[in-house]
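To be precise, the following lines are input26.pdb, and they hold PDB, C-alpha atoms, pLDDT in the B column.
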ATOM      1  CA  MET A  83      15.459 -32.012  21.736  1.00 87.00           C
ATOM      2  CA  LYS A  84      16.280 -33.938  18.580  1.00 88.00           C
ATOM      3  CA  ILE A  85      13.990 -36.308  16.715  1.00 88.00           C
ATOM      4  CA  GLN A  86      14.476 -38.786  13.885  1.00 87.00           C
ATOM      5  CA  PHE A  87      11.988 -39.974  11.278  1.00 83.00           C
ATOM      6  CA  LYS A  88      11.791 -41.313   7.722  1.00 82.00           C
ATOM      7  CA  GLN A  89      11.345 -38.862   4.862  1.00 81.00           C
ATOM      8  CA  ASN A  90      11.610 -39.815   1.177  1.00 79.00           C
ATOM      9  CA  GLN A  91      12.959 -43.256   2.162  1.00 81.00           C
ATOM     10  CA  LYS A  92      15.767 -41.666   4.194  1.00 83.00           C
ATOM     11  CA  ILE A  93      16.242 -41.316   7.945  1.00 90.00           C
ATOM     12  CA  VAL A  94      16.478 -37.631   8.831  1.00 90.00           C
ATOM     13  CA  SER A  95      16.801 -35.734  12.094  1.00 91.00           C
ATOM     14  CA  CYS A  96      16.022 -32.246  13.288  1.00 92.00           C
ATOM     15  CA  ASP A  97      16.532 -30.186  16.418  1.00 92.00           C
ATOM     16  CA  LEU A  98      13.207 -29.002  17.837  1.00 94.00           C
ATOM     17  CA  ASN A  99      15.064 -26.318  19.789  1.00 95.00           C
ATOM     18  CA  GLN A 100      16.135 -24.627  16.544  1.00 95.00           C
ATOM     19  CA  GLY A 101      12.836 -23.611  14.986  1.00 96.00           C
ATOM     20  CA  ILE A 102      12.817 -20.593  12.659  1.00 98.00           C
ATOM     21  CA  ASP A 103       9.713 -18.431  12.970  1.00 98.00           C
ATOM     22  CA  LEU A 104       8.134 -17.317   9.679  1.00 98.00           C
ATOM     23  CA  SER A 105       5.387 -15.219  11.237  1.00 98.00           C
ATOM     24  CA  ILE A 106       4.952 -11.456  11.079  1.00 98.00           C
ATOM     25  CA  SER A 107       3.523 -10.443  14.433  1.00 97.00           C
ATOM     26  CA  TYR A 108       0.492  -8.244  14.979  1.00 97.00           C
ATOM     27  CA  LYS A 109       1.774  -5.162  16.742  1.00 95.00           C
ATOM     28  CA  GLU A 110       0.845  -1.565  17.447  1.00 95.00           C
ATOM     29  CA  GLY A 111       2.359   1.386  15.622  1.00 94.00           C
ATOM     30  CA  ILE A 112       2.980   2.386  12.038  1.00 94.00           C
ATOM     31  CA  GLN A 113       5.734  -0.238  11.602  1.00 95.00           C
ATOM     32  CA  GLN A 114       3.178  -3.051  11.333  1.00 96.00           C
ATOM     33  CA  VAL A 115       2.447  -4.784   8.037  1.00 97.00           C
ATOM     34  CA  ASN A 116      -0.895  -3.755   6.541  1.00 98.00           C
ATOM     35  CA  CYS A 117      -2.995  -4.491   3.472  1.00 97.00           C
ATOM     36  CA  PHE A 118      -6.492  -4.053   2.011  1.00 97.00           C
ATOM     37  CA  TYR A 119      -6.863  -0.746   3.863  1.00 97.00           C
ATOM     38  CA  ALA A 120      -7.536  -2.654   7.081  1.00 97.00           C
ATOM     39  CA  ASN A 121      -7.648  -0.836  10.403  1.00 96.00           C
ATOM     40  CA  LEU A 122      -4.288  -0.994  12.135  1.00 96.00           C
ATOM     41  CA  PHE A 123      -3.818  -3.369  15.053  1.00 96.00           C
ATOM     42  CA  SER A 124      -4.401  -1.586  18.366  1.00 96.00           C
ATOM     43  CA  SER A 125      -5.244  -2.216  22.019  1.00 96.00           C
ATOM     44  CA  GLN A 126      -6.951  -0.182  24.719  1.00 97.00           C
ATOM     45  CA  ALA A 127      -7.040  -0.494  28.498  1.00 97.00           C
ATOM     46  CA  VAL A 128     -10.444  -1.477  29.880  1.00 98.00           C
ATOM     47  CA  LYS A 129     -12.071   1.215  32.013  1.00 97.00           C
ATOM     48  CA  GLN A 130     -14.968   0.261  34.297  1.00 96.00           C
ATOM     49  CA  GLY A 131     -15.933   2.724  37.028  1.00 95.00           C
ATOM     50  CA  ASP A 132     -12.815   3.355  39.140  1.00 95.00           C
ATOM     51  CA  PHE A 133     -10.990   0.451  37.525  1.00 97.00           C
ATOM     52  CA  ILE A 134      -8.454   0.964  34.748  1.00 97.00           C
ATOM     53  CA  GLY A 135      -6.675  -1.981  33.181  1.00 97.00           C
ATOM     54  CA  SER A 136      -3.287  -0.330  32.897  1.00 98.00           C
ATOM     55  CA  VAL A 137      -0.505  -0.587  35.471  1.00 98.00           C
ATOM     56  CA  LYS A 138       1.164   2.434  33.861  1.00 96.00           C
ATOM     57  CA  GLU A 139      -1.954   4.479  34.569  1.00 96.00           C
ATOM     58  CA  GLY A 140      -2.291   3.243  38.150  1.00 96.00           C
ATOM     59  CA  GLY A 141      -4.316   0.067  37.704  1.00 97.00           C
ATOM     60  CA  PRO A 142      -3.456  -3.218  39.465  1.00 97.00           C
ATOM     61  CA  VAL A 143      -3.061  -5.215  36.220  1.00 98.00           C
ATOM     62  CA  ASN A 144      -2.845  -4.756  32.476  1.00 98.00           C
ATOM     63  CA  PHE A 145      -6.297  -5.698  31.130  1.00 98.00           C
ATOM     64  CA  TYR A 146      -6.705  -4.630  27.514  1.00 97.00           C
ATOM     65  CA  ASN A 147      -9.184  -4.974  24.673  1.00 97.00           C
ATOM     66  CA  THR A 148      -7.421  -5.754  21.408  1.00 96.00           C
ATOM     67  CA  PHE A 149      -8.645  -4.672  17.979  1.00 96.00           C
ATOM     68  CA  ILE A 150      -7.394  -6.801  15.123  1.00 96.00           C
ATOM     69  CA  ASN A 151      -8.079  -7.354  11.431  1.00 97.00           C
ATOM     70  CA  ILE A 152      -6.752 -10.863  10.919  1.00 98.00           C
ATOM     71  CA  HIS A 153      -6.510 -10.769   7.129  1.00 98.00           C
ATOM     72  CA  GLY A 154      -4.950  -7.327   6.977  1.00 97.00           C
ATOM     73  CA  GLY A 155      -2.361  -7.041   9.705  1.00 97.00           C
ATOM     74  CA  GLY A 156      -0.075 -10.051  10.127  1.00 98.00           C
ATOM     75  CA  THR A 157       0.566 -13.721   9.435  1.00 98.00           C
ATOM     76  CA  HIS A 158      -2.681 -15.660   9.313  1.00 98.00           C
ATOM     77  CA  THR A 159      -4.017 -19.026   8.182  1.00 98.00           C
ATOM     78  CA  GLU A 160      -7.377 -19.212   6.475  1.00 98.00           C
ATOM     79  CA  GLY A 161      -9.783 -21.913   5.400  1.00 98.00           C
ATOM     80  CA  VAL A 162     -12.657 -22.121   2.961  1.00 98.00           C
ATOM     81  CA  GLY A 163     -14.748 -20.018   5.352  1.00 97.00           C
ATOM     82  CA  HIS A 164     -12.898 -17.020   3.905  1.00 97.00           C
ATOM     83  CA  ILE A 165     -14.904 -17.324   0.669  1.00 97.00           C
ATOM     84  CA  SER A 166     -17.993 -19.358   1.648  1.00 96.00           C
ATOM     85  CA  LYS A 167     -21.392 -18.140   2.854  1.00 94.00           C
ATOM     86  CA  GLU A 168     -20.792 -20.008   6.103  1.00 92.00           C
ATOM     87  CA  ARG A 169     -17.693 -18.702   7.869  1.00 92.00           C
ATOM     88  CA  HIS A 170     -16.338 -22.170   8.587  1.00 95.00           C
ATOM     89  CA  SER A 171     -13.706 -22.088  11.308  1.00 97.00           C
ATOM     90  CA  VAL A 172     -10.212 -22.848  10.073  1.00 97.00           C
ATOM     91  CA  ASN A 173      -9.549 -24.486  13.445  1.00 96.00           C
ATOM     92  CA  GLN A 174     -12.220 -27.057  12.630  1.00 95.00           C
ATOM     93  CA  ILE A 175     -10.577 -27.757   9.257  1.00 93.00           C
ATOM     94  CA  LEU A 176      -6.842 -27.782   9.895  1.00 92.00           C
ATOM     95  CA  LYS A 177      -5.826 -30.795  11.984  1.00 90.00           C
ATOM     96  CA  GLN A 178      -2.332 -31.373  10.554  1.00 90.00           C
ATOM     97  CA  PHE A 179      -0.003 -29.191  12.597  1.00 94.00           C
ATOM     98  CA  PHE A 180       3.256 -30.994  11.798  1.00 95.00           C
ATOM     99  CA  GLY A 181       4.399 -32.084   8.366  1.00 96.00           C
ATOM    100  CA  ILE A 182       7.070 -31.862   5.701  1.00 96.00           C
ATOM    101  CA  ALA A 183       7.274 -28.601   3.786  1.00 98.00           C
ATOM    102  CA  TYR A 184       9.143 -27.689   0.630  1.00 98.00           C
ATOM    103  CA  LEU A 185      10.371 -24.114   0.186  1.00 98.00           C
ATOM    104  CA  ILE A 186      10.854 -22.478  -3.212  1.00 98.00           C
ATOM    105  CA  SER A 187      11.906 -18.952  -4.180  1.00 98.00           C
ATOM    106  CA  VAL A 188      10.430 -17.378  -7.296  1.00 98.00           C
ATOM    107  CA  TYR A 189      10.613 -14.104  -9.206  1.00 98.00           C
ATOM    108  CA  PRO A 190       7.130 -12.995 -10.288  1.00 98.00           C
ATOM    109  CA  THR A 191       6.819 -12.342 -14.028  1.00 97.00           C
ATOM    110  CA  LYS A 192       5.935  -8.807 -15.094  1.00 97.00           C
ATOM    111  CA  ALA A 193       2.874  -8.725 -17.350  1.00 96.00           C
ATOM    112  CA  GLU A 194       2.149  -6.157 -20.053  1.00 95.00           C
ATOM    113  CA  ASN A 195      -0.249  -4.312 -17.721  1.00 94.00           C
ATOM    114  CA  GLY A 196       2.467  -4.028 -15.067  1.00 96.00           C
ATOM    115  CA  ASP A 197       1.125  -6.785 -12.793  1.00 97.00           C
ATOM    116  CA  ARG A 198       3.719  -9.070 -11.203  1.00 98.00           C
ATOM    117  CA  ILE A 199       2.413 -12.609 -11.435  1.00 98.00           C
ATOM    118  CA  ILE A 200       3.689 -15.978 -10.231  1.00 98.00           C
ATOM    119  CA  GLN A 201       3.262 -18.175 -13.284  1.00 98.00           C
ATOM    120  CA  ALA A 202       2.726 -21.921 -13.556  1.00 98.00           C
ATOM    121  CA  GLU A 203       5.786 -22.231 -15.796  1.00 98.00           C
ATOM    122  CA  SER A 204       8.024 -20.819 -13.041  1.00 98.00           C
ATOM    123  CA  LEU A 205       6.628 -23.201 -10.439  1.00 98.00           C
ATOM    124  CA  SER A 206       6.942 -26.163 -12.796  1.00 98.00           C
ATOM    125  CA  LEU A 207      10.636 -25.452 -13.404  1.00 98.00           C
ATOM    126  CA  LEU A 208      11.413 -24.935  -9.716  1.00 98.00           C
ATOM    127  CA  LEU A 209       9.587 -28.102  -8.685  1.00 97.00           C
ATOM    128  CA  GLU A 210      10.784 -30.342 -11.493  1.00 97.00           C
ATOM    129  CA  GLY A 211      11.830 -33.693 -10.029  1.00 94.00           C
ATOM    130  CA  VAL A 212      10.701 -32.676  -6.520  1.00 95.00           C
ATOM    131  CA  SER A 213       8.493 -34.972  -4.471  1.00 94.00           C
ATOM    132  CA  ILE A 214       6.095 -32.307  -3.261  1.00 95.00           C
ATOM    133  CA  PRO A 215       4.796 -32.821   0.296  1.00 96.00           C
ATOM    134  CA  ASP A 216       1.542 -31.573   1.835  1.00 97.00           C
ATOM    135  CA  PHE A 217       3.034 -28.163   2.665  1.00 98.00           C
ATOM    136  CA  LEU A 218       4.403 -25.832  -0.016  1.00 98.00           C
ATOM    137  CA  ILE A 219       6.059 -22.518   0.911  1.00 98.00           C
ATOM    138  CA  ILE A 220       6.554 -19.792  -1.702  1.00 98.00           C
ATOM    139  CA  ARG A 221       9.082 -16.999  -1.145  1.00 98.00           C
ATOM    140  CA  THR A 222       8.876 -14.159  -3.663  1.00 98.00           C
ATOM    141  CA  LEU A 223      11.995 -12.384  -4.851  1.00 98.00           C
ATOM    142  CA  PRO A 224      13.475  -9.936  -4.141  1.00 97.00           C
ATOM    143  CA  ASN A 225      13.170 -10.738  -0.440  1.00 98.00           C
ATOM    144  CA  ASP A 226      13.772  -7.505   1.445  1.00 94.00           C
ATOM    145  CA  VAL A 227      13.106  -7.538   5.198  1.00 96.00           C
ATOM    146  CA  SER A 228      10.838  -4.523   4.642  1.00 96.00           C
ATOM    147  CA  LYS A 229       8.118  -7.109   3.886  1.00 97.00           C
ATOM    148  CA  THR A 230       7.637  -7.373   7.658  1.00 97.00           C
ATOM    149  CA  LYS A 231       6.330  -3.784   7.851  1.00 97.00           C
ATOM    150  CA  GLN A 232       5.155  -3.132   4.304  1.00 97.00           C
ATOM    151  CA  HIS A 233       1.937  -1.172   3.720  1.00 98.00           C
ATOM    152  CA  TYR A 234       0.528  -2.977   0.689  1.00 98.00           C
ATOM    153  CA  SER A 235      -2.809  -1.212   0.269  1.00 98.00           C
ATOM    154  CA  GLY A 236      -3.200   0.228  -3.227  1.00 97.00           C
ATOM    155  CA  THR A 237       0.147  -1.139  -4.452  1.00 97.00           C
ATOM    156  CA  ASN A 238      -1.168  -4.151  -6.412  1.00 98.00           C
ATOM    157  CA  PRO A 239       1.258  -6.715  -4.905  1.00 98.00           C
ATOM    158  CA  PRO A 240       2.291  -9.865  -6.807  1.00 98.00           C
ATOM    159  CA  TYR A 241      -0.176 -12.749  -6.923  1.00 98.00           C
ATOM    160  CA  LEU A 242      -0.672 -16.219  -8.395  1.00 98.00           C
ATOM    161  CA  SER A 243      -2.067 -16.774 -11.867  1.00 98.00           C
ATOM    162  CA  ILE A 244      -5.015 -19.149 -11.984  1.00 98.00           C
ATOM    163  CA  GLU A 245      -2.795 -21.560 -13.957  1.00 98.00           C
ATOM    164  CA  ALA A 246      -0.227 -21.454 -11.154  1.00 98.00           C
ATOM    165  CA  MET A 247      -2.877 -22.334  -8.591  1.00 98.00           C
ATOM    166  CA  GLU A 248      -4.207 -25.107 -10.815  1.00 98.00           C
ATOM    167  CA  PHE A 249      -0.655 -26.488 -10.945  1.00 98.00           C
ATOM    168  CA  ILE A 250      -0.393 -26.379  -7.139  1.00 98.00           C
ATOM    169  CA  VAL A 251      -3.716 -28.172  -6.779  1.00 98.00           C
ATOM    170  CA  SER A 252      -2.654 -30.780  -9.354  1.00 98.00           C
ATOM    171  CA  LYS A 253       0.335 -31.573  -7.113  1.00 97.00           C
ATOM    172  CA  GLN A 254      -2.078 -32.209  -4.214  1.00 97.00           C
ATOM    173  CA  VAL A 255      -0.634 -29.502  -1.996  1.00 98.00           C
ATOM    174  CA  LYS A 256      -2.888 -29.250   1.056  1.00 98.00           C
ATOM    175  CA  HIS A 257      -1.321 -26.304   2.853  1.00 98.00           C
ATOM    176  CA  LEU A 258       0.076 -23.345   0.918  1.00 98.00           C
ATOM    177  CA  LEU A 259       2.163 -20.668   2.636  1.00 98.00           C
ATOM    178  CA  ILE A 260       3.130 -17.447   0.866  1.00 98.00           C
ATOM    179  CA  ASP A 261       4.775 -14.134   1.772  1.00 98.00           C
ATOM    180  CA  LEU A 262       2.134 -12.013   0.020  1.00 98.00           C
ATOM    181  CA  PRO A 263      -1.133 -10.449   1.241  1.00 98.00           C
ATOM    182  CA  SER A 264      -3.159 -12.751  -0.999  1.00 98.00           C
ATOM    183  CA  VAL A 265      -2.894 -15.457  -3.633  1.00 98.00           C
ATOM    184  CA  ASP A 266      -5.250 -13.296  -5.731  1.00 98.00           C
ATOM    185  CA  ARG A 267      -4.940  -9.838  -7.246  1.00 98.00           C
ATOM    186  CA  GLU A 268      -5.603  -6.986  -4.821  1.00 98.00           C
ATOM    187  CA  GLN A 269      -8.505  -5.737  -6.945  1.00 96.00           C
ATOM    188  CA  ASP A 270     -10.071  -8.475  -9.076  1.00 96.00           C
ATOM    189  CA  GLY A 271     -13.747  -7.584  -8.985  1.00 95.00           C
ATOM    190  CA  GLY A 272     -14.422 -10.069  -6.194  1.00 95.00           C
ATOM    191  CA  LYS A 273     -13.572 -13.138  -8.285  1.00 96.00           C
ATOM    192  CA  LEU A 274     -10.884 -14.576  -5.943  1.00 98.00           C
ATOM    193  CA  ALA A 275     -10.269 -17.186  -8.624  1.00 98.00           C
ATOM    194  CA  ALA A 276      -7.142 -18.671  -7.044  1.00 98.00           C
ATOM    195  CA  HIS A 277      -8.850 -19.044  -3.659  1.00 98.00           C
ATOM    196  CA  HIS A 278     -11.830 -20.797  -5.235  1.00 98.00           C
ATOM    197  CA  CYS A 279      -9.543 -23.081  -7.251  1.00 98.00           C
ATOM    198  CA  PHE A 280      -7.568 -24.069  -4.147  1.00 98.00           C
ATOM    199  CA  TRP A 281     -10.671 -25.009  -2.144  1.00 98.00           C
ATOM    200  CA  GLU A 282     -12.611 -26.710  -4.923  1.00 97.00           C
ATOM    201  CA  GLY A 283     -14.564 -29.848  -4.020  1.00 95.00           C
ATOM    202  CA  SER A 284     -13.366 -32.011  -1.143  1.00 96.00           C
ATOM    203  CA  ARG A 285     -10.282 -29.806  -0.684  1.00 97.00           C
ATOM    204  CA  ALA A 286     -12.534 -27.392   1.210  1.00 96.00           C
ATOM    205  CA  ASN A 287     -12.581 -29.838   4.118  1.00 95.00           C
ATOM    206  CA  GLU A 288      -8.826 -30.185   4.644  1.00 96.00           C
ATOM    207  CA  CYS A 289      -6.789 -27.431   2.974  1.00 97.00           C
ATOM    208  CA  SER A 290      -5.452 -24.089   4.198  1.00 98.00           C
ATOM    209  CA  ILE A 291      -3.683 -20.992   2.924  1.00 98.00           C
ATOM    210  CA  THR A 292      -1.262 -19.021   5.092  1.00 98.00           C
ATOM    211  CA  GLU A 293      -0.474 -15.473   3.966  1.00 98.00           C
ATOM    212  CA  LEU A 294       1.839 -12.644   5.010  1.00 98.00           C
ATOM    213  CA  ILE A 295       4.747 -14.772   6.210  1.00 98.00           C
ATOM    214  CA  TYR A 296       8.396 -13.741   5.968  1.00 98.00           C
ATOM    215  CA  ILE A 297      11.070 -16.296   5.059  1.00 98.00           C
ATOM    216  CA  PRO A 298      14.569 -15.083   5.993  1.00 97.00           C
ATOM    217  CA  ASP A 299      17.379 -15.531   3.487  1.00 97.00           C
ATOM    218  CA  ILE A 300      19.205 -17.925   5.834  1.00 96.00           C
ATOM    219  CA  LEU A 301      16.719 -20.591   4.727  1.00 98.00           C
ATOM    220  CA  GLU A 302      17.651 -22.150   1.408  1.00 98.00           C
ATOM    221  CA  ASP A 303      15.132 -23.767  -0.900  1.00 98.00           C
ATOM    222  CA  ASN A 304      14.755 -27.271   0.494  1.00 96.00           C
ATOM    223  CA  TYR A 305      12.670 -29.651   2.596  1.00 96.00           C
ATOM    224  CA  TYR A 306      11.888 -28.764   6.223  1.00 97.00           C
ATOM    225  CA  LEU A 307       9.842 -30.027   9.116  1.00 97.00           C
ATOM    226  CA  ILE A 308       7.039 -27.530   9.692  1.00 98.00           C
ATOM    227  CA  ASN A 309       4.927 -26.848  12.761  1.00 98.00           C
ATOM    228  CA  LEU A 310       1.968 -24.653  11.804  1.00 98.00           C
ATOM    229  CA  GLN A 311       0.603 -23.169  15.027  1.00 98.00           C
ATOM    230  CA  LEU A 312      -2.863 -21.581  15.016  1.00 98.00           C
ATOM    231  CA  ALA A 313      -4.468 -19.242  17.530  1.00 97.00           C
ATOM    232  CA  SER A 314      -7.376 -20.987  19.236  1.00 96.00           C
ATOM    233  CA  MET A 315     -10.166 -18.896  17.733  1.00 96.00           C
ATOM    234  CA  GLU A 316     -13.263 -19.984  15.826  1.00 97.00           C
ATOM    235  CA  GLN A 317     -12.924 -17.769  12.760  1.00 97.00           C
ATOM    236  CA  ASP A 318     -12.511 -18.179   9.001  1.00 97.00           C
ATOM    237  CA  ALA A 319      -8.902 -17.091   9.550  1.00 98.00           C
ATOM    238  CA  VAL A 320      -6.726 -16.864  12.656  1.00 98.00           C
ATOM    239  CA  PRO A 321      -3.286 -15.465  13.497  1.00 98.00           C
ATOM    240  CA  SER A 322      -0.705 -18.189  12.971  1.00 98.00           C
ATOM    241  CA  ARG A 323       2.938 -18.994  13.580  1.00 98.00           C
ATOM    242  CA  PRO A 324       4.687 -21.332  11.142  1.00 98.00           C
ATOM    243  CA  LEU A 325       7.978 -22.737  12.460  1.00 98.00           C
ATOM    244  CA  LEU A 326      10.531 -24.428  10.192  1.00 98.00           C
ATOM    245  CA  PHE A 327      13.153 -26.924  11.328  1.00 98.00           C
ATOM    246  CA  ARG A 328      16.175 -27.893   9.227  1.00 96.00           C
ATOM    247  CA  LEU A 329      16.483 -31.540   8.312  1.00 95.00           C
ATOM    248  CA  GLU A 330      19.742 -33.465   8.446  1.00 90.00           C
ATOM    249  CA  GLU A 331      20.244 -36.811   6.807  1.00 83.00           C
ATOM    250  CA  THR A 332      21.308 -39.473   9.289  1.00 79.00           C
ATOM    251  CA  ILE A 333      23.938 -41.926   8.145  1.00 63.00           C
TER     252      ILE A 333
END

Conversion result in structure tokens:
Amino acid sequence: MKIQFKQNQKIVSCDLNQGIDLSISYKEGIQQVNCFYANLFSSQAVKQGDFIGSVKEGGPVNFYNTFINIHGGGTHTEGVGHISKERHSVNQILKQFFGIAYLISVYPTKAENGDRIIQAESLSLLLEGVSIPDFLIIRTLPNDVSKTKQHYSGTNPPYLSIEAMEFIVSKQVKHLLIDLPSVDREQDGGKLAAHHCFWEGSRANECSITELIYIPDILEDNYYLINLQLASMEQDAVPSRPLLFRLEETI
């Protein structure tokens, strides 16, 4: 199915049958992505008396309990409840599931202490002259597919400088998507400065951060239609599935 709409004073179209999935799925086994020393995703057949919820083991149906750490094991979208005393549900905050997204690719800058940091100067150069929509997607370089099964714990992955997050906020980005475990340093003494900056003031009521996505190289830096799908769970963060759709200018 194809749709047409106006974007930046131009009529564009996209094919809703050609969505590109940016999510890293939660899955069992050592090949799953993992960070912050979280327990690995796992599931277990329910056993109650003579009943076992596994067809393989002789049960009538598969009926499993699933154990999941949302922040540590796959693509997830979080709201201010991630850092507030009240664990506000992201599903009560995020109501904009379709929108225009802009994708950029950036090399983190290596600091003197060895940290790899996304700097405001890099973002400013990449976004110069760009009309930035509500959704901003950041792909870090290099972009190896191993990101989909990387074990990040204890590796001090790249992160955003506070100046970079201040720049993003100044551009009124409401929904930030990034292919890293966090917008903040892995170990920062609990400051989470970039998170707090992003959700400052009224932004807490309408903004979201999506982490641990993977953006394949077939997608060039550009505008896209995005559909950000959230699992229907009342939590500070939930598993999510961002889909991108290429835009074509209609003559």

Quick one: residues within 10 Å of range 243-252 of chain A, only C-alpha atoms counted, chain neighbours fewer than 3 positions away excluded, as an NGL selection string?
:A and (198-206 or 214 or 218 or 240 or 255-256 or 258 or 265-267 or 274-282 or 285)

Could you turn the residues from that selection into a file that holds C-alpha atoms, as a PDB file, in the coordinates of the input?
ATOM      1  CA  ARG A 198       3.719  -9.070 -11.203  1.00 98.00           C
ATOM      2  CA  ILE A 199       2.413 -12.609 -11.435  1.00 98.00           C
ATOM      3  CA  ILE A 200       3.689 -15.978 -10.231  1.00 98.00           C
ATOM      4  CA  GLN A 201       3.262 -18.175 -13.284  1.00 98.00           C
ATOM      5  CA  ALA A 202       2.726 -21.921 -13.556  1.00 98.00           C
ATOM      6  CA  GLU A 203       5.786 -22.231 -15.796  1.00 98.00           C
ATOM      7  CA  SER A 204       8.024 -20.819 -13.041  1.00 98.00           C
ATOM      8  CA  LEU A 205       6.628 -23.201 -10.439  1.00 98.00           C
ATOM      9  CA  SER A 206       6.942 -26.163 -12.796  1.00 98.00           C
ATOM     10  CA  ILE A 214       6.095 -32.307  -3.261  1.00 95.00           C
ATOM     11  CA  LEU A 218       4.403 -25.832  -0.016  1.00 98.00           C
ATOM     12  CA  PRO A 240       2.291  -9.865  -6.807  1.00 98.00           C
ATOM     13  CA  VAL A 255      -0.634 -29.502  -1.996  1.00 98.00           C
ATOM     14  CA  LYS A 256      -2.888 -29.250   1.056  1.00 98.00           C
ATOM     15  CA  LEU A 258       0.076 -23.345   0.918  1.00 98.00           C
ATOM     16  CA  VAL A 265      -2.894 -15.457  -3.633  1.00 98.00           C
ATOM     17  CA  ASP A 266      -5.250 -13.296  -5.731  1.00 98.00           C
ATOM     18  CA  ARG A 267      -4.940  -9.838  -7.246  1.00 98.00           C
ATOM     19  CA  LEU A 274     -10.884 -14.576  -5.943  1.00 98.00           C
ATOM     20  CA  ALA A 275     -10.269 -17.186  -8.624  1.00 98.00           C
ATOM     21  CA  ALA A 276      -7.142 -18.671  -7.044  1.00 98.00           C
ATOM     22  CA  HIS A 277      -8.850 -19.044  -3.659  1.00 98.00           C
ATOM     23  CA  HIS A 278     -11.830 -20.797  -5.235  1.00 98.00           C
ATOM     24  CA  CYS A 279      -9.543 -23.081  -7.251  1.00 98.00           C
ATOM     25  CA  PHE A 280      -7.568 -24.069  -4.147  1.00 98.00           C
ATOM     26  CA  TRP A 281     -10.671 -25.009  -2.144  1.00 98.00           C
ATOM     27  CA  GLU A 282     -12.611 -26.710  -4.923  1.00 97.00           C
ATOM     28  CA  ARG A 285     -10.282 -29.806  -0.684  1.00 97.00           C
TER      29      ARG A 285
END

Just give me the gap between CA of Ser125 in chain A and CA of Met315 in chain A in Å, one decimal is fine.
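That distance, rounded to one decimal, is 17.9 Å.
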
What gap, in Å, lies between CA of Asn309 in chain A and CA of Gly211 in chain A?
24.8 Å

From (-2.4, -2.8, 7.3), in the file's coordinates, out to 7 Å: which residues are reached, counting all atoms listed in the file? Answer as a list of chain:residue names.
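Protein, DNA and RNA residues close to (-2.4, -2.8, 7.3): A:Gln114, A:Val115, A:Asn116, A:Cys117, A:Phe118, A:Tyr119, A:Ala120, A:Asn121, A:Leu122, A:Gly154, A:Gly155, A:His233.
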
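Note that the spacing between CA of Tyr306 in chain A and CA of Val227 in chain A amounts to 21.3 Å.
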
Just the residues within 7 Å of range 326-328 of chain A, please, counting all atoms listed in the file, with nothing from its chain fewer than 3 positions along; format it as an NGL selection string.
:A and (96-98 or 100-103 or 306-309)

Considering only C-alpha atoms, state which residue in the set A:His257, A:Lys273, A:His158, A:Lys84 is at the smallest distance from Ile106 in chain A.
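Between A:His257, A:Lys273, A:His158, A:Lys84, the residue approaching Ile106 in chain A most closely is A:His158.
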
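Between Leu301 in chain A and the residues A:Phe145, A:Tyr184, A:Tyr108, A:Tyr234, the shortest atom-to-atom distance, using all atoms listed in the file, involves A:Tyr184.
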
Smallest atom-to-atom distance to Lys129 in chain A: which of A:Leu104, A:Ile295, A:Leu207, A:Gly141, using only C-alpha atoms?
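Selected residue with least distance to Lys129 in chain A: A:Gly141.
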
Between A:Asn195, A:Ser187, A:Asn287, A:Gln174, which residue has the minimum interatomic distance to Thr222 in chain A, considering only C-alpha atoms?
A:Ser187

Here's a test: counting all atoms listed in the file, identify every protein, DNA and RNA residue with an atom at most 9 Å from (-6.2, 1.9, -3.1) in the file's coordinate frame, and state them as an NGL selection string.
:A and (118-119 or 235-238 or 269)

Which is closer to Ser290 in chain A than all the others in A:Gly156, A:Gly161, A:Gly111, A:Gly140, using only C-alpha atoms?
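Of A:Gly156, A:Gly161, A:Gly111, A:Gly140, the one nearest Ser290 in chain A is A:Gly161, counting only C-alpha atoms.
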
Residues in the PyMOL selection byres ((chain A and resi 93) around 10), expressed as a PyMOL selection string
chain A and resi 86-92+94-95+329-333

Option closest in space to Tyr296 in chain A, from A:Asp132, A:Glu194, A:Asp226, A:Asp270 [counting only C-alpha atoms]:
A:Asp226

So that I can check the surroundings of Gln113 in chain A, please list as a list in words every protein, DNA and RNA residue that reaches within 9 Å of it, counting all atoms listed in the file and ignoring chain neighbours fewer than 4 positions away.
Lys109, Thr230, Lys231, Gln232 and His233 of chain A

Name the residues that the PyMOL selection byres ((chain A and resi 219) around 7) pulls out of this structure, and write them as a count of residues only.
11

Do you know which residues the PyMOL selection byres ((chain A and resi 313) around 12) returns on this file, as a ChimeraX atom specification?
/A:152,157-160,171-173,176,179,310-312,314-324
